[in-house]
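Structure data follow from model35.pdb (PDB, C-alpha atoms, pLDDT in the B column):
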ATOM      1  CA  MET A   1       1.531  83.952 -43.604  1.00 45.00           C
ATOM      2  CA  VAL A   2      -0.932  85.715 -41.385  1.00 53.00           C
ATOM      3  CA  THR A   3      -2.940  83.380 -39.173  1.00 45.00           C
ATOM      4  CA  ASN A   4      -6.222  82.246 -40.694  1.00 46.00           C
ATOM      5  CA  CYS A   5      -8.056  82.498 -37.373  1.00 43.00           C
ATOM      6  CA  ILE A   6      -9.150  86.079 -38.001  1.00 53.00           C
ATOM      7  CA  LEU A   7     -12.691  86.644 -39.232  1.00 51.00           C
ATOM      8  CA  ASN A   8     -12.833  87.775 -42.846  1.00 49.00           C
ATOM      9  CA  GLY A   9     -13.845  91.351 -43.541  1.00 47.00           C
ATOM     10  CA  THR A  10     -17.419  90.582 -44.621  1.00 41.00           C
ATOM     11  CA  ALA A  11     -18.168  88.411 -41.605  1.00 46.00           C
ATOM     12  CA  ALA A  12     -16.498  90.837 -39.237  1.00 48.00           C
ATOM     13  CA  PHE A  13     -18.411  93.852 -40.493  1.00 47.00           C
ATOM     14  CA  ALA A  14     -21.682  91.933 -40.368  1.00 45.00           C
ATOM     15  CA  PHE A  15     -20.903  91.110 -36.745  1.00 46.00           C
ATOM     16  CA  LEU A  16     -20.101  94.776 -36.086  1.00 51.00           C
ATOM     17  CA  LEU A  17     -23.347  96.034 -37.613  1.00 45.00           C
ATOM     18  CA  ALA A  18     -25.427  93.548 -35.638  1.00 46.00           C
ATOM     19  CA  THR A  19     -23.635  94.458 -32.442  1.00 45.00           C
ATOM     20  CA  ALA A  20     -23.917  98.193 -33.034  1.00 45.00           C
ATOM     21  CA  SER A  21     -27.662  97.873 -33.507  1.00 42.00           C
ATOM     22  CA  GLY A  22     -28.070  95.858 -30.330  1.00 47.00           C
ATOM     23  CA  VAL A  23     -25.914  98.178 -28.270  1.00 44.00           C
ATOM     24  CA  ALA A  24     -27.714 101.260 -29.521  1.00 41.00           C
ATOM     25  CA  GLN A  25     -31.022  99.736 -28.410  1.00 43.00           C
ATOM     26  CA  ALA A  26     -29.551  98.864 -25.021  1.00 41.00           C
ATOM     27  CA  GLN A  27     -28.267 102.388 -24.550  1.00 41.00           C
ATOM     28  CA  ALA A  28     -31.552 103.913 -25.574  1.00 36.00           C
ATOM     29  CA  SER A  29     -33.426 101.815 -23.025  1.00 38.00           C
ATOM     30  CA  ASP A  30     -30.938 102.298 -20.196  1.00 37.00           C
ATOM     31  CA  LYS A  31     -31.810 105.320 -18.055  1.00 35.00           C
ATOM     32  CA  SER A  32     -29.735 104.418 -15.023  1.00 33.00           C
ATOM     33  CA  THR A  33     -26.871 106.416 -13.584  1.00 32.00           C
ATOM     34  CA  PRO A  34     -23.546 105.486 -15.254  1.00 34.00           C
ATOM     35  CA  ALA A  35     -21.565 102.876 -13.378  1.00 30.00           C
ATOM     36  CA  ALA A  36     -18.537 103.753 -11.292  1.00 33.00           C
ATOM     37  CA  PRO A  37     -15.242 103.281 -13.171  1.00 33.00           C
ATOM     38  CA  VAL A  38     -13.859  99.767 -13.131  1.00 32.00           C
ATOM     39  CA  LYS A  39     -10.726  99.135 -11.117  1.00 41.00           C
ATOM     40  CA  GLN A  40      -8.431  98.555 -14.078  1.00 42.00           C
ATOM     41  CA  LYS A  41      -8.873 101.972 -15.680  1.00 54.00           C
ATOM     42  CA  HIS A  42     -11.158 104.976 -15.504  1.00 80.00           C
ATOM     43  CA  ALA A  43     -13.411 104.385 -18.477  1.00 88.00           C
ATOM     44  CA  TYR A  44     -13.708 107.273 -20.916  1.00 93.00           C
ATOM     45  CA  TYR A  45     -16.247 106.009 -23.441  1.00 94.00           C
ATOM     46  CA  ILE A  46     -17.350 102.665 -21.993  1.00 88.00           C
ATOM     47  CA  ASP A  47     -20.005 101.943 -19.399  1.00 85.00           C
ATOM     48  CA  PRO A  48     -19.075  98.410 -18.276  1.00 79.00           C
ATOM     49  CA  GLN A  49     -22.551  97.793 -16.871  1.00 78.00           C
ATOM     50  CA  ILE A  50     -24.052  98.117 -20.339  1.00 81.00           C
ATOM     51  CA  LEU A  51     -21.218  96.438 -22.231  1.00 79.00           C
ATOM     52  CA  ASN A  52     -20.331  93.255 -20.370  1.00 80.00           C
ATOM     53  CA  LEU A  53     -18.836  90.784 -22.813  1.00 87.00           C
ATOM     54  CA  ALA A  54     -17.284  88.165 -20.535  1.00 83.00           C
ATOM     55  CA  ALA A  55     -20.381  85.948 -20.598  1.00 80.00           C
ATOM     56  CA  SER A  56     -20.726  86.153 -24.401  1.00 81.00           C
ATOM     57  CA  ILE A  57     -17.191  85.084 -25.328  1.00 90.00           C
ATOM     58  CA  PRO A  58     -16.707  81.306 -25.683  1.00 93.00           C
ATOM     59  CA  ALA A  59     -14.172  79.611 -23.462  1.00 96.00           C
ATOM     60  CA  PRO A  60     -10.721  78.944 -24.932  1.00 97.00           C
ATOM     61  CA  PRO A  61      -9.857  75.401 -26.013  1.00 98.00           C
ATOM     62  CA  ASP A  62      -9.234  72.972 -23.184  1.00 97.00           C
ATOM     63  CA  PRO A  63      -5.514  72.087 -22.791  1.00 96.00           C
ATOM     64  CA  GLY A  64      -6.285  68.445 -23.545  1.00 94.00           C
ATOM     65  CA  SER A  65      -8.242  69.143 -26.735  1.00 98.00           C
ATOM     66  CA  PRO A  66      -6.988  68.585 -30.304  1.00 98.00           C
ATOM     67  CA  GLN A  67      -7.542  72.293 -31.029  1.00 98.00           C
ATOM     68  CA  PHE A  68      -5.295  73.328 -28.172  1.00 98.00           C
ATOM     69  CA  LYS A  69      -2.587  70.905 -29.255  1.00 98.00           C
ATOM     70  CA  ALA A  70      -2.781  72.254 -32.801  1.00 98.00           C
ATOM     71  CA  GLU A  71      -2.564  75.848 -31.562  1.00 98.00           C
ATOM     72  CA  LEU A  72       0.461  75.069 -29.400  1.00 98.00           C
ATOM     73  CA  ALA A  73       2.117  73.308 -32.320  1.00 98.00           C
ATOM     74  CA  GLU A  74       1.505  76.410 -34.431  1.00 98.00           C
ATOM     75  CA  VAL A  75       3.239  78.603 -31.842  1.00 98.00           C
ATOM     76  CA  HIS A  76       6.218  76.222 -31.988  1.00 98.00           C
ATOM     77  CA  ARG A  77       6.223  76.285 -35.783  1.00 98.00           C
ATOM     78  CA  ILE A  78       6.183  80.072 -35.931  1.00 98.00           C
ATOM     79  CA  GLU A  79       8.990  80.252 -33.370  1.00 98.00           C
ATOM     80  CA  SER A  80      11.134  77.835 -35.377  1.00 98.00           C
ATOM     81  CA  GLU A  81      10.593  79.740 -38.646  1.00 98.00           C
ATOM     82  CA  ARG A  82      10.522  83.408 -37.594  1.00 98.00           C
ATOM     83  CA  THR A  83      13.237  85.570 -39.121  1.00 98.00           C
ATOM     84  CA  PRO A  84      15.145  88.436 -37.463  1.00 98.00           C
ATOM     85  CA  ALA A  85      13.080  90.887 -39.519  1.00 98.00           C
ATOM     86  CA  GLN A  86       9.826  89.290 -38.344  1.00 98.00           C
ATOM     87  CA  VAL A  87      11.011  89.395 -34.740  1.00 98.00           C
ATOM     88  CA  ALA A  88      11.934  93.076 -35.067  1.00 98.00           C
ATOM     89  CA  ALA A  89       8.521  93.901 -36.557  1.00 98.00           C
ATOM     90  CA  ALA A  90       6.698  91.972 -33.838  1.00 98.00           C
ATOM     91  CA  GLN A  91       8.722  93.668 -31.125  1.00 98.00           C
ATOM     92  CA  GLY A  92       7.936  97.049 -32.652  1.00 98.00           C
ATOM     93  CA  ASP A  93       4.228  96.271 -32.594  1.00 98.00           C
ATOM     94  CA  ASP A  94       4.562  94.994 -29.031  1.00 98.00           C
ATOM     95  CA  ARG A  95       5.854  98.420 -27.978  1.00 98.00           C
ATOM     96  CA  GLU A  96       3.280 100.516 -29.851  1.00 97.00           C
ATOM     97  CA  GLU A  97      -0.441 100.487 -29.098  1.00 97.00           C
ATOM     98  CA  ASP A  98      -1.829 103.568 -30.814  1.00 98.00           C
ATOM     99  CA  ILE A  99      -3.488 104.563 -34.047  1.00 98.00           C
ATOM    100  CA  PHE A 100      -0.141 105.441 -35.594  1.00 98.00           C
ATOM    101  CA  ILE A 101       0.675 101.786 -36.144  1.00 98.00           C
ATOM    102  CA  TYR A 102      -1.211 102.502 -39.380  1.00 98.00           C
ATOM    103  CA  ARG A 103       1.361 104.993 -40.649  1.00 98.00           C
ATOM    104  CA  GLY A 104       2.383 102.464 -43.294  1.00 97.00           C
ATOM    105  CA  VAL A 105      -1.121 102.825 -44.752  1.00 98.00           C
ATOM    106  CA  VAL A 106      -1.616 106.558 -44.217  1.00 98.00           C
ATOM    107  CA  GLY A 107       1.928 107.789 -44.799  1.00 97.00           C
ATOM    108  CA  ASP A 108       5.093 108.693 -42.904  1.00 96.00           C
ATOM    109  CA  GLN A 109       3.558 112.008 -41.829  1.00 97.00           C
ATOM    110  CA  PHE A 110       1.003 110.093 -39.763  1.00 98.00           C
ATOM    111  CA  THR A 111       2.456 110.785 -36.312  1.00 98.00           C
ATOM    112  CA  ALA A 112       1.147 111.979 -32.972  1.00 97.00           C
ATOM    113  CA  ALA A 113       3.015 115.265 -33.371  1.00 97.00           C
ATOM    114  CA  ASN A 114       1.252 115.996 -36.666  1.00 97.00           C
ATOM    115  CA  PHE A 115      -2.189 114.798 -35.546  1.00 98.00           C
ATOM    116  CA  PRO A 116      -2.696 115.781 -31.892  1.00 98.00           C
ATOM    117  CA  ILE A 117      -6.502 115.434 -31.957  1.00 98.00           C
ATOM    118  CA  LEU A 118      -6.196 111.917 -33.327  1.00 98.00           C
ATOM    119  CA  ALA A 119      -3.499 111.138 -30.767  1.00 98.00           C
ATOM    120  CA  GLU A 120      -5.901 112.062 -27.988  1.00 98.00           C
ATOM    121  CA  LEU A 121      -8.708 109.982 -29.514  1.00 98.00           C
ATOM    122  CA  SER A 122      -6.328 107.046 -29.856  1.00 98.00           C
ATOM    123  CA  ALA A 123      -5.260 107.325 -26.223  1.00 97.00           C
ATOM    124  CA  HIS A 124      -8.881 107.251 -25.036  1.00 97.00           C
ATOM    125  CA  VAL A 125      -9.704 104.195 -27.159  1.00 97.00           C
ATOM    126  CA  HIS A 126      -6.599 102.389 -25.918  1.00 96.00           C
ATOM    127  CA  ASN A 127      -7.453 103.382 -22.357  1.00 94.00           C
ATOM    128  CA  ASP A 128     -10.870 101.740 -22.645  1.00 94.00           C
ATOM    129  CA  GLU A 129      -9.581  98.446 -24.077  1.00 94.00           C
ATOM    130  CA  PRO A 130      -8.828  96.851 -20.680  1.00 93.00           C
ATOM    131  CA  VAL A 131     -12.210  97.968 -19.351  1.00 90.00           C
ATOM    132  CA  GLU A 132     -13.631  95.116 -21.439  1.00 89.00           C
ATOM    133  CA  GLY A 133     -10.555  92.971 -21.956  1.00 94.00           C
ATOM    134  CA  ASN A 134      -9.273  92.576 -18.410  1.00 94.00           C
ATOM    135  CA  PRO A 135     -12.465  91.123 -16.891  1.00 93.00           C
ATOM    136  CA  ILE A 136     -12.489  88.499 -19.660  1.00 95.00           C
ATOM    137  CA  LYS A 137      -8.825  87.705 -19.042  1.00 96.00           C
ATOM    138  CA  ASP A 138      -9.539  87.361 -15.344  1.00 95.00           C
ATOM    139  CA  HIS A 139     -12.588  85.190 -16.002  1.00 94.00           C
ATOM    140  CA  PHE A 140     -10.756  82.590 -18.089  1.00 96.00           C
ATOM    141  CA  LYS A 141      -7.225  82.863 -16.616  1.00 97.00           C
ATOM    142  CA  ARG A 142      -5.686  81.144 -19.616  1.00 98.00           C
ATOM    143  CA  GLN A 143      -1.961  80.500 -19.402  1.00 98.00           C
ATOM    144  CA  ARG A 144       0.237  82.126 -22.002  1.00 98.00           C
ATOM    145  CA  PRO A 145       1.976  79.648 -24.352  1.00 98.00           C
ATOM    146  CA  TYR A 146       5.345  80.111 -22.645  1.00 98.00           C
ATOM    147  CA  GLN A 147       3.747  79.613 -19.231  1.00 98.00           C
ATOM    148  CA  PHE A 148       2.233  76.293 -20.304  1.00 98.00           C
ATOM    149  CA  ASP A 149       5.263  75.116 -22.294  1.00 98.00           C
ATOM    150  CA  LYS A 150       8.606  76.149 -20.818  1.00 98.00           C
ATOM    151  CA  SER A 151      10.462  75.131 -23.975  1.00 98.00           C
ATOM    152  CA  LEU A 152       9.099  78.164 -25.842  1.00 98.00           C
ATOM    153  CA  HIS A 153      11.143  81.343 -26.198  1.00 98.00           C
ATOM    154  CA  PRO A 154       9.000  84.503 -26.419  1.00 98.00           C
ATOM    155  CA  VAL A 155      10.730  87.564 -27.864  1.00 98.00           C
ATOM    156  CA  CYS A 156       8.392  90.268 -26.536  1.00 98.00           C
ATOM    157  CA  LYS A 157       7.339  91.500 -23.118  1.00 98.00           C
ATOM    158  CA  THR A 158       6.165  88.701 -20.845  1.00 98.00           C
ATOM    159  CA  THR A 159       4.067  88.445 -17.707  1.00 97.00           C
ATOM    160  CA  ASP A 160       3.600  86.014 -14.841  1.00 97.00           C
ATOM    161  CA  GLN A 161      -0.188  86.430 -14.984  1.00 97.00           C
ATOM    162  CA  PRO A 162      -2.354  83.815 -16.756  1.00 98.00           C
ATOM    163  CA  ASP A 163      -4.028  86.363 -19.026  1.00 98.00           C
ATOM    164  CA  SER A 164      -3.642  85.066 -22.561  1.00 98.00           C
ATOM    165  CA  TYR A 165      -7.331  85.122 -23.509  1.00 98.00           C
ATOM    166  CA  PRO A 166      -8.084  87.540 -25.106  1.00 98.00           C
ATOM    167  CA  SER A 167      -5.140  89.609 -26.394  1.00 98.00           C
ATOM    168  CA  GLY A 168      -5.214  93.249 -25.315  1.00 97.00           C
ATOM    169  CA  HIS A 169      -2.896  94.304 -28.134  1.00 98.00           C
ATOM    170  CA  THR A 170      -5.198  92.664 -30.676  1.00 98.00           C
ATOM    171  CA  ILE A 171      -8.319  94.278 -29.238  1.00 98.00           C
ATOM    172  CA  THR A 172      -6.613  97.671 -29.397  1.00 98.00           C
ATOM    173  CA  GLY A 173      -5.367  97.059 -32.930  1.00 98.00           C
ATOM    174  CA  TYR A 174      -8.828  96.288 -34.277  1.00 98.00           C
ATOM    175  CA  LEU A 175     -10.537  99.048 -32.284  1.00 98.00           C
ATOM    176  CA  LEU A 176      -8.143 101.578 -33.776  1.00 98.00           C
ATOM    177  CA  ALA A 177      -8.447 100.054 -37.240  1.00 98.00           C
ATOM    178  CA  LEU A 178     -12.230 100.425 -37.150  1.00 98.00           C
ATOM    179  CA  THR A 179     -11.858 103.961 -35.819  1.00 98.00           C
ATOM    180  CA  LEU A 180      -9.512 104.910 -38.643  1.00 98.00           C
ATOM    181  CA  ILE A 181     -11.773 103.310 -41.259  1.00 98.00           C
ATOM    182  CA  GLN A 182     -14.594 105.625 -40.173  1.00 98.00           C
ATOM    183  CA  MET A 183     -12.372 108.583 -41.049  1.00 98.00           C
ATOM    184  CA  LEU A 184     -10.546 107.068 -44.031  1.00 98.00           C
ATOM    185  CA  PRO A 185     -12.984 104.575 -45.616  1.00 97.00           C
ATOM    186  CA  GLU A 186     -11.121 104.565 -48.923  1.00 97.00           C
ATOM    187  CA  LYS A 187      -8.299 102.721 -47.148  1.00 97.00           C
ATOM    188  CA  GLN A 188     -10.506 100.116 -45.459  1.00 98.00           C
ATOM    189  CA  SER A 189      -8.892  97.060 -47.044  1.00 98.00           C
ATOM    190  CA  GLU A 190      -5.331  98.184 -46.328  1.00 98.00           C
ATOM    191  CA  ILE A 191      -6.183  99.129 -42.744  1.00 98.00           C
ATOM    192  CA  LEU A 192      -7.787  95.760 -42.005  1.00 98.00           C
ATOM    193  CA  THR A 193      -4.837  93.951 -43.573  1.00 98.00           C
ATOM    194  CA  ARG A 194      -2.472  95.849 -41.278  1.00 98.00           C
ATOM    195  CA  ALA A 195      -4.713  95.031 -38.298  1.00 98.00           C
ATOM    196  CA  ASP A 196      -4.476  91.333 -39.178  1.00 98.00           C
ATOM    197  CA  TYR A 197      -0.666  91.531 -39.276  1.00 98.00           C
ATOM    198  CA  TYR A 198      -0.636  93.413 -35.990  1.00 98.00           C
ATOM    199  CA  ALA A 199      -2.657  90.571 -34.462  1.00 98.00           C
ATOM    200  CA  HIS A 200      -0.491  87.886 -36.086  1.00 98.00           C
ATOM    201  CA  ASN A 201       2.598  89.453 -34.558  1.00 98.00           C
ATOM    202  CA  ARG A 202       1.336  88.345 -31.140  1.00 98.00           C
ATOM    203  CA  LEU A 203       2.007  84.798 -32.391  1.00 98.00           C
ATOM    204  CA  VAL A 204       5.409  85.822 -33.714  1.00 98.00           C
ATOM    205  CA  CYS A 205       6.142  87.237 -30.270  1.00 98.00           C
ATOM    206  CA  GLY A 206       5.223  83.851 -28.824  1.00 98.00           C
ATOM    207  CA  VAL A 207       2.820  85.316 -26.279  1.00 98.00           C
ATOM    208  CA  HIS A 208      -0.610  84.210 -27.579  1.00 98.00           C
ATOM    209  CA  TYR A 209      -2.511  81.427 -29.313  1.00 98.00           C
ATOM    210  CA  GLU A 210      -4.658  81.708 -32.448  1.00 98.00           C
ATOM    211  CA  SER A 211      -7.912  81.434 -30.497  1.00 98.00           C
ATOM    212  CA  ASP A 212      -6.798  84.381 -28.353  1.00 98.00           C
ATOM    213  CA  LEU A 213      -6.687  86.510 -31.485  1.00 98.00           C
ATOM    214  CA  LYS A 214     -10.070  85.380 -32.772  1.00 97.00           C
ATOM    215  CA  ALA A 215     -11.714  86.123 -29.419  1.00 97.00           C
ATOM    216  CA  SER A 216      -9.976  89.493 -29.336  1.00 97.00           C
ATOM    217  CA  GLN A 217     -11.339  90.459 -32.720  1.00 97.00           C
ATOM    218  CA  ARG A 218     -14.860  89.592 -31.624  1.00 95.00           C
ATOM    219  CA  VAL A 219     -14.432  91.676 -28.480  1.00 96.00           C
ATOM    220  CA  ALA A 220     -13.104  94.593 -30.516  1.00 97.00           C
ATOM    221  CA  TYR A 221     -15.992  94.547 -32.995  1.00 96.00           C
ATOM    222  CA  ALA A 222     -18.551  94.320 -30.203  1.00 94.00           C
ATOM    223  CA  GLU A 223     -16.878  97.153 -28.294  1.00 95.00           C
ATOM    224  CA  PHE A 224     -16.671  99.292 -31.410  1.00 96.00           C
ATOM    225  CA  GLY A 225     -20.376  98.807 -32.016  1.00 94.00           C
ATOM    226  CA  TYR A 226     -20.887 100.273 -28.566  1.00 93.00           C
ATOM    227  CA  LEU A 227     -18.532 103.175 -29.298  1.00 95.00           C
ATOM    228  CA  LEU A 228     -20.465 104.093 -32.446  1.00 95.00           C
ATOM    229  CA  ALA A 229     -23.577 104.556 -30.303  1.00 93.00           C
ATOM    230  CA  THR A 230     -21.755 106.812 -27.820  1.00 94.00           C
ATOM    231  CA  PRO A 231     -22.142 110.601 -28.325  1.00 96.00           C
ATOM    232  CA  ARG A 232     -18.756 111.384 -26.787  1.00 96.00           C
ATOM    233  CA  PHE A 233     -17.010 109.004 -29.195  1.00 97.00           C
ATOM    234  CA  GLN A 234     -19.023 110.340 -32.147  1.00 97.00           C
ATOM    235  CA  ARG A 235     -17.891 113.873 -31.276  1.00 97.00           C
ATOM    236  CA  ASP A 236     -14.235 112.884 -30.985  1.00 98.00           C
ATOM    237  CA  LEU A 237     -14.439 110.809 -34.157  1.00 98.00           C
ATOM    238  CA  THR A 238     -15.793 113.789 -36.089  1.00 97.00           C
ATOM    239  CA  ARG A 239     -13.034 116.055 -34.792  1.00 97.00           C
ATOM    240  CA  GLY A 240     -10.365 113.482 -35.534  1.00 98.00           C
ATOM    241  CA  GLY A 241     -11.688 112.866 -39.017  1.00 97.00           C
ATOM    242  CA  GLU A 242     -11.692 116.570 -39.815  1.00 97.00           C
ATOM    243  CA  GLU A 243      -8.089 116.885 -38.668  1.00 98.00           C
ATOM    244  CA  LEU A 244      -6.988 113.798 -40.601  1.00 98.00           C
ATOM    245  CA  ARG A 245      -8.612 114.615 -43.911  1.00 97.00           C
ATOM    246  CA  THR A 246      -7.680 118.295 -43.783  1.00 97.00           C
ATOM    247  CA  ARG A 247      -4.010 117.629 -43.119  1.00 97.00           C
ATOM    248  CA  LEU A 248      -3.892 114.893 -45.754  1.00 97.00           C
ATOM    249  CA  GLY A 249      -5.506 117.220 -48.294  1.00 96.00           C
ATOM    250  CA  LEU A 250      -8.569 115.009 -48.731  1.00 96.00           C
ATOM    251  CA  GLN A 251     -12.148 116.013 -49.357  1.00 95.00           C
ATOM    252  CA  PRO A 252     -14.401 116.014 -46.270  1.00 94.00           C
ATOM    253  CA  LEU A 253     -16.591 112.979 -45.865  1.00 90.00           C
ATOM    254  CA  SER A 254     -20.319 113.287 -46.385  1.00 78.00           C
ATOM    255  CA  LYS A 255     -22.421 112.969 -43.248  1.00 63.00           C
ATOM    256  CA  GLU A 256     -23.352 109.401 -44.210  1.00 56.00           C
ATOM    257  CA  PRO A 257     -20.346 107.911 -46.036  1.00 44.00           C
ATOM    258  CA  GLU A 258     -20.856 104.638 -47.851  1.00 44.00           C
TER
END
Represent the structure from my file as structure tokens, please.
Amino acid sequence: MVTNCILNGTAAFAFLLATASGVAQAQASDKSTPAAPVKQKHAYYIDPQILNLAASIPAPPDPGSPQFKAELAEVHRIESERTPAQVAAAQGDDREEDIFIYRGVVGDQFTAANFPILAELSAHVHNDEPVEGNPIKDHFKRQRPYQFDKSLHPVCKTTDQPDSYPSGHTITGYLLALTLIQMLPEKQSEILTRADYYAHNRLVCGVHYESDLKASQRVAYAEFGYLLATPRFQRDLTRGGEELRTRLGLQPLSKEPE
């Protein structure tokens, strides 16, 4: 079962709309010169001076708290029950951080080779994820489950850094889900379901806690609200949507899709 820590679709989209409105107002009022790129990556869409989320994300549960103990127990439970097929799926998601993780929703033809404009858009969105995610990771310095509890056996890529909170994979997964929904709104439910499974697979991997995923989703929705108010992203989204719908044989979207 997918973790129940993820915000439901209605709540998540309400959060996105509120964030998008606030970010648009902030951008409209900001007349300063764009900030220099952050050290982690050269930002493509994001201005980290305008979008600084570290102070707005709640701290992860304290290691002595009942919530933390419950989350750690859940990681143990998932490890004890995961099947070879679940491990293989989680490892596949661990290796892939692009929009084509949604090929199961769109179709087998949904590949970077067939959709080069979308591949470029996806790469830029993924590039900008650590612009927001890494400062939050560095702020909280939360140990990964296997760093805290040496009896755990993660099955995906590991790190020595205490950077569990939030999950970069999960931020990317939801950012790309929301991007794809803008271009393929008729598949919204299926896309969000796949995004939830992509996030849950970080637990199957044994490399995150449930609260990491919930924080990551909030970061992703806030960041996507910012992206929607960014002309460069709007341009790339339009181009990507035209490529996607044309090659899938779908009718173009109206200028203001419902």
* **Computed interatomic separation between CA of Ser164 in chain A and CA of Arg142 in chain A (Å)** =>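 The value is 5.3 Å.
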Could you give me, as JSON lines, every range 188-251 of chain A residue with an atom at most 10 Å from range 64-81 of chain A, plus its closest atom pair and distance in Å to one decimal, counting all atoms listed in the file, rows ordered by chain then number?
{"residue": "A:Arg202", "atom": "CA", "partner": "A:Val75", "partner_atom": "CA", "distance": 10.0}
{"residue": "A:Leu203", "atom": "CA", "partner": "A:Val75", "partner_atom": "CA", "distance": 6.3}
{"residue": "A:Val204", "atom": "CA", "partner": "A:Ile78", "partner_atom": "CA", "distance": 6.2}
{"residue": "A:Cys205", "atom": "CA", "partner": "A:Glu79", "partner_atom": "CA", "distance": 8.2}
{"residue": "A:Gly206", "atom": "CA", "partner": "A:Val75", "partner_atom": "CA", "distance": 6.4}
{"residue": "A:Val207", "atom": "CA", "partner": "A:Val75", "partner_atom": "CA", "distance": 8.7}
{"residue": "A:His208", "atom": "CA", "partner": "A:Val75", "partner_atom": "CA", "distance": 8.0}
{"residue": "A:Tyr209", "atom": "CA", "partner": "A:Glu71", "partner_atom": "CA", "distance": 6.0}
{"residue": "A:Glu210", "atom": "CA", "partner": "A:Glu71", "partner_atom": "CA", "distance": 6.3}
{"residue": "A:Ser211", "atom": "CA", "partner": "A:Glu71", "partner_atom": "CA", "distance": 7.8}
* What does the distance between CA of Cys156 in chain A and CA of Gln91 in chain A come to in Å, to one decimal place? ->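 Interatomic distance, CA of Cys156 in chain A to CA of Gln91 in chain A: 5.7 Å.
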Could you write out as a CSV table (one decimal) with C-alpha atoms, in the coordinates of the input the residues that the PyMOL selection byres ((chain A and resi 53) around 9) matches in the shown file?
chain,number,residue,atom,x,y,z
A,48,PRO,CA,-19.1,98.4,-18.3
A,51,LEU,CA,-21.2,96.4,-22.2
A,52,ASN,CA,-20.3,93.3,-20.4
A,54,ALA,CA,-17.3,88.2,-20.5
A,55,ALA,CA,-20.4,85.9,-20.6
A,56,SER,CA,-20.7,86.2,-24.4
A,57,ILE,CA,-17.2,85.1,-25.3
A,132,GLU,CA,-13.6,95.1,-21.4
A,133,GLY,CA,-10.6,93.0,-22.0
A,135,PRO,CA,-12.5,91.1,-16.9
A,136,ILE,CA,-12.5,88.5,-19.7
A,219,VAL,CA,-14.4,91.7,-28.5
A,222,ALA,CA,-18.6,94.3,-30.2
A,223,GLU,CA,-16.9,97.2,-28.3
If you apply the PyMOL selection byres ((chain A and resi 118) around 9) to this file, what residues do you get, as a PDB file with C-alpha atoms, keeping the file's coordinate frame?
ATOM      1  CA  ILE A  99      -3.488 104.563 -34.047  1.00 98.00           C
ATOM      2  CA  ALA A 112       1.147 111.979 -32.972  1.00 97.00           C
ATOM      3  CA  PHE A 115      -2.189 114.798 -35.546  1.00 98.00           C
ATOM      4  CA  PRO A 116      -2.696 115.781 -31.892  1.00 98.00           C
ATOM      5  CA  ILE A 117      -6.502 115.434 -31.957  1.00 98.00           C
ATOM      6  CA  ALA A 119      -3.499 111.138 -30.767  1.00 98.00           C
ATOM      7  CA  GLU A 120      -5.901 112.062 -27.988  1.00 98.00           C
ATOM      8  CA  LEU A 121      -8.708 109.982 -29.514  1.00 98.00           C
ATOM      9  CA  SER A 122      -6.328 107.046 -29.856  1.00 98.00           C
ATOM     10  CA  ALA A 123      -5.260 107.325 -26.223  1.00 97.00           C
ATOM     11  CA  ASP A 236     -14.235 112.884 -30.985  1.00 98.00           C
ATOM     12  CA  LEU A 237     -14.439 110.809 -34.157  1.00 98.00           C
ATOM     13  CA  ARG A 239     -13.034 116.055 -34.792  1.00 97.00           C
ATOM     14  CA  GLY A 240     -10.365 113.482 -35.534  1.00 98.00           C
ATOM     15  CA  GLY A 241     -11.688 112.866 -39.017  1.00 97.00           C
ATOM     16  CA  GLU A 243      -8.089 116.885 -38.668  1.00 98.00           C
ATOM     17  CA  LEU A 244      -6.988 113.798 -40.601  1.00 98.00           C
TER      18      LEU A 244
END
Just give me the residues with any atom within 10 Å of (-1.7, 81.2, -17.3), file coordinates, counting all atoms listed in the file, written as a CSV table (one decimal) with C-alpha atoms, in the coordinates of the input.
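Output (selection19.csv):
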chain,number,residue,atom,x,y,z
A,137,LYS,CA,-8.8,87.7,-19.0
A,140,PHE,CA,-10.8,82.6,-18.1
A,141,LYS,CA,-7.2,82.9,-16.6
A,142,ARG,CA,-5.7,81.1,-19.6
A,143,GLN,CA,-2.0,80.5,-19.4
A,144,ARG,CA,0.2,82.1,-22.0
A,145,PRO,CA,2.0,79.6,-24.4
A,146,TYR,CA,5.3,80.1,-22.6
A,147,GLN,CA,3.7,79.6,-19.2
A,148,PHE,CA,2.2,76.3,-20.3
A,159,THR,CA,4.1,88.4,-17.7
A,160,ASP,CA,3.6,86.0,-14.8
A,161,GLN,CA,-0.2,86.4,-15.0
A,162,PRO,CA,-2.4,83.8,-16.8
A,163,ASP,CA,-4.0,86.4,-19.0
A,164,SER,CA,-3.6,85.1,-22.6
A,165,TYR,CA,-7.3,85.1,-23.5
* **Residues matched by the PyMOL selection byres ((chain A and resi 216) around 7) as a ChimeraX atom specification** => /A:166-167,170-171,212-215,217-220
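Coordinates place CA of Val155 in chain A at a distance of 26.4 Å from CA of Val125 in chain A.
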Could N, CA and C atoms be built for range 241-245 of chain A and written out as a compact mmCIF listing (two decimals), in the coordinates of the input?
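New file rebuild.txt:
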# COMPACT_ATOMS: atom_id res chain seq x y z
N GLY A 241 -11.56 113.01 -37.58
CA GLY A 241 -11.69 112.87 -39.02
C GLY A 241 -11.44 114.17 -39.76
N GLU A 242 -11.93 115.26 -39.20
CA GLU A 242 -11.69 116.57 -39.82
C GLU A 242 -10.20 116.89 -39.83
N GLU A 243 -9.53 116.64 -38.72
CA GLU A 243 -8.09 116.88 -38.67
C GLU A 243 -7.35 116.02 -39.68
N LEU A 244 -7.69 114.73 -39.72
CA LEU A 244 -6.99 113.80 -40.60
C LEU A 244 -7.14 114.18 -42.06
N ARG A 245 -8.37 114.38 -42.49
CA ARG A 245 -8.61 114.62 -43.91
C ARG A 245 -8.11 115.99 -44.34
